[in-house]
Amino acid sequence: MGKKLVMAQKRGETRALCLGVTMVVCAVITYYILGTTVLPLYQKSVWTQESTCHLIETNIKNQEELEGKKVPQFPCLWVNVSAMGRWAVLYHTEDTRDQNQQCSYIPGSLDNYQMARADVEKVRANFHKHQVFYCFSTTRENETSVLFRRLYGPQALLLSLFWPTFLLTGGVLIIAMVKLNRSLSILAAQK
């Protein structure tokens, strides 16, 4: 009976050790992927200065207004704000600015025009409800645009590093517990 118990314990220790090592390896691979994708975007982001924006005007651009301008046919919102004492165009995120510089907000679903229009009107109503809000600007003097939300800010970086850190910590704890268990087993066997 004692030999079967020792063999079962060794198999369990081996499996736990494999699990811990696998978790550590997965965490290292994830850190590498995040370090080559998310971290450079965070470091390149120039939208670091938080400022207060005051709404000047909003305008919903329809299909007719966008025709012939090499942009997709969908409704979008154009928002002008006053930030740091100067006029600026507000963009939802960095990607919105890259997709279409004529739109401050592009609806998520562009399949149905009526639903996209309702989404744009809802966002417009939110801006009119909250006339003063925080936005992100750059330190460049000639920049006439600001962001409502940063995609690659500190919160996004911390959020993306949470699970790999959890995996790494869990894997190291499992390995340490297996090693501690083996040491205690050897000490108990010697007595």
# chains A, B, ... in the order shown; residues from 1 in each chain; ligands from 1
>>> residues_around(residues="Tyr91 in chain A", least_positions_apart="3", cutoff="8 Å", atoms="only C-alpha atoms", output="number ranges by chain")
A: 79, 94, 96-97, 103-105, 145-148
>>> select_by_dssp(residues="range 33-157 of chain A", states="strand (DSSP E)", output="CSV table (one decimal) with C-alpha atoms, in the first residue's frame")
chain,number,residue,atom,x,y,z
A,49,GLN,CA,-1.7,65.4,-21.8
A,50,GLU,CA,-5.1,65.3,-20.1
A,51,SER,CA,-7.1,68.5,-20.5
A,52,THR,CA,-10.6,69.8,-20.2
A,53,CYS,CA,-12.7,70.1,-23.3
A,54,HIS,CA,-15.7,72.4,-23.8
A,55,LEU,CA,-18.2,71.4,-26.4
A,56,ILE,CA,-18.6,74.0,-29.2
A,57,GLU,CA,-20.7,72.2,-31.8
A,58,THR,CA,-21.7,68.8,-33.1
A,59,ASN,CA,-22.8,67.8,-36.5
A,60,ILE,CA,-24.1,64.6,-37.9
A,61,LYS,CA,-22.8,64.0,-41.4
A,76,CYS,CA,-20.8,59.9,-38.5
A,77,LEU,CA,-20.5,62.6,-35.9
A,78,TRP,CA,-18.3,65.6,-36.2
A,79,VAL,CA,-17.4,67.3,-32.9
A,80,ASN,CA,-15.7,70.7,-32.4
A,81,VAL,CA,-14.4,71.5,-28.9
A,82,SER,CA,-12.3,74.1,-27.1
A,83,ALA,CA,-9.3,72.6,-25.4
A,86,ARG,CA,-7.9,76.8,-28.7
A,87,TRP,CA,-10.3,75.3,-31.2
A,88,ALA,CA,-9.9,71.5,-31.9
A,89,VAL,CA,-11.6,68.6,-33.5
A,90,LEU,CA,-12.4,65.8,-31.1
A,91,TYR,CA,-11.8,62.2,-32.2
A,132,VAL,CA,-17.5,69.8,-20.3
A,133,PHE,CA,-15.4,66.6,-20.2
A,134,TYR,CA,-11.9,65.4,-20.0
A,135,CYS,CA,-9.9,64.7,-23.2
A,136,PHE,CA,-6.4,63.9,-24.3
A,137,SER,CA,-4.2,66.3,-26.3
A,145,SER,CA,-7.2,67.6,-32.7
A,146,VAL,CA,-7.8,65.9,-29.3
A,147,LEU,CA,-8.9,62.5,-28.3
>>> select_by_dssp(residues="range 11-130 of chain A", states="alpha helix (DSSP H)", output="JSON, numbers by chain")
{"A": [11, 12, 13, 14, 15, 16, 17, 18, 19, 20, 21, 22, 23, 24, 25, 26, 27, 28, 29, 30, 31, 32, 33, 34, 35, 36, 37, 38, 39, 40, 41, 42, 43, 44, 63, 64, 65, 66, 94, 95, 96, 97, 98, 99, 113, 114, 115, 116, 117, 118, 119, 120, 121, 122, 123, 124, 125, 126, 127, 128, 129]}
>>> residues_around(residues="Lys179 in chain A", least_positions_apart="4", cutoff="9 Å", atoms="only C-alpha atoms", output="list in words")
Glu13, Leu17, Ile174, Ile175, Ser183 and Leu184 of chain A
>>> write_last_selection(atoms="all heavy atoms", output="compact mmCIF listing (two decimals), in the first residue's frame")
# COMPACT_ATOMS: atom_id res chain seq x y z
N GLU A 13 2.85 14.92 -8.30
CA GLU A 13 3.87 15.97 -8.26
C GLU A 13 4.37 16.30 -9.66
O GLU A 13 4.56 17.46 -10.01
CB GLU A 13 5.05 15.53 -7.39
CG GLU A 13 4.78 15.59 -5.91
CD GLU A 13 5.97 15.11 -5.09
OE1 GLU A 13 6.94 14.58 -5.67
OE2 GLU A 13 5.91 15.27 -3.86
N LEU A 17 4.00 19.85 -11.39
CA LEU A 17 5.21 20.52 -11.86
C LEU A 17 5.09 20.88 -13.34
O LEU A 17 5.46 21.99 -13.75
CB LEU A 17 6.42 19.62 -11.63
CG LEU A 17 7.79 20.30 -11.62
CD1 LEU A 17 7.86 21.37 -10.56
CD2 LEU A 17 8.88 19.27 -11.41
N ILE A 174 2.90 27.19 -7.85
CA ILE A 174 2.72 25.74 -7.99
C ILE A 174 4.07 25.03 -7.93
O ILE A 174 4.24 24.03 -7.23
CB ILE A 174 1.95 25.40 -9.30
CG1 ILE A 174 0.49 25.82 -9.17
CG2 ILE A 174 2.06 23.91 -9.61
CD1 ILE A 174 -0.31 25.69 -10.45
N ILE A 175 5.06 25.56 -8.67
CA ILE A 175 6.39 24.95 -8.66
C ILE A 175 6.98 25.00 -7.25
O ILE A 175 7.54 24.01 -6.76
CB ILE A 175 7.32 25.66 -9.68
CG1 ILE A 175 6.85 25.38 -11.10
CG2 ILE A 175 8.77 25.21 -9.50
CD1 ILE A 175 7.52 26.22 -12.16
N SER A 183 10.52 18.40 -0.44
CA SER A 183 11.47 18.58 0.66
C SER A 183 10.90 18.06 1.97
O SER A 183 11.60 17.38 2.75
CB SER A 183 11.83 20.05 0.82
OG SER A 183 12.42 20.54 -0.34
N LEU A 184 9.63 18.37 2.22
CA LEU A 184 9.01 17.89 3.46
C LEU A 184 8.85 16.37 3.45
O LEU A 184 8.99 15.73 4.50
CB LEU A 184 7.64 18.56 3.65
CG LEU A 184 7.68 20.07 3.97
CD1 LEU A 184 6.27 20.64 4.02
CD2 LEU A 184 8.41 20.34 5.26
>>> atom_distance(atom1="CA of Ala116 in chain A", atom2="CA of Pro75 in chain A")
6.7 Å
>>> residues_around(residues="range 29-40 of chain A", least_positions_apart="5", cutoff="12 Å", atoms="only C-alpha atoms", output="count of residues only")
23
>>> atom_distance(atom1="CA of Leu41 in chain A", atom2="CA of Thr139 in chain A")
17.4 Å
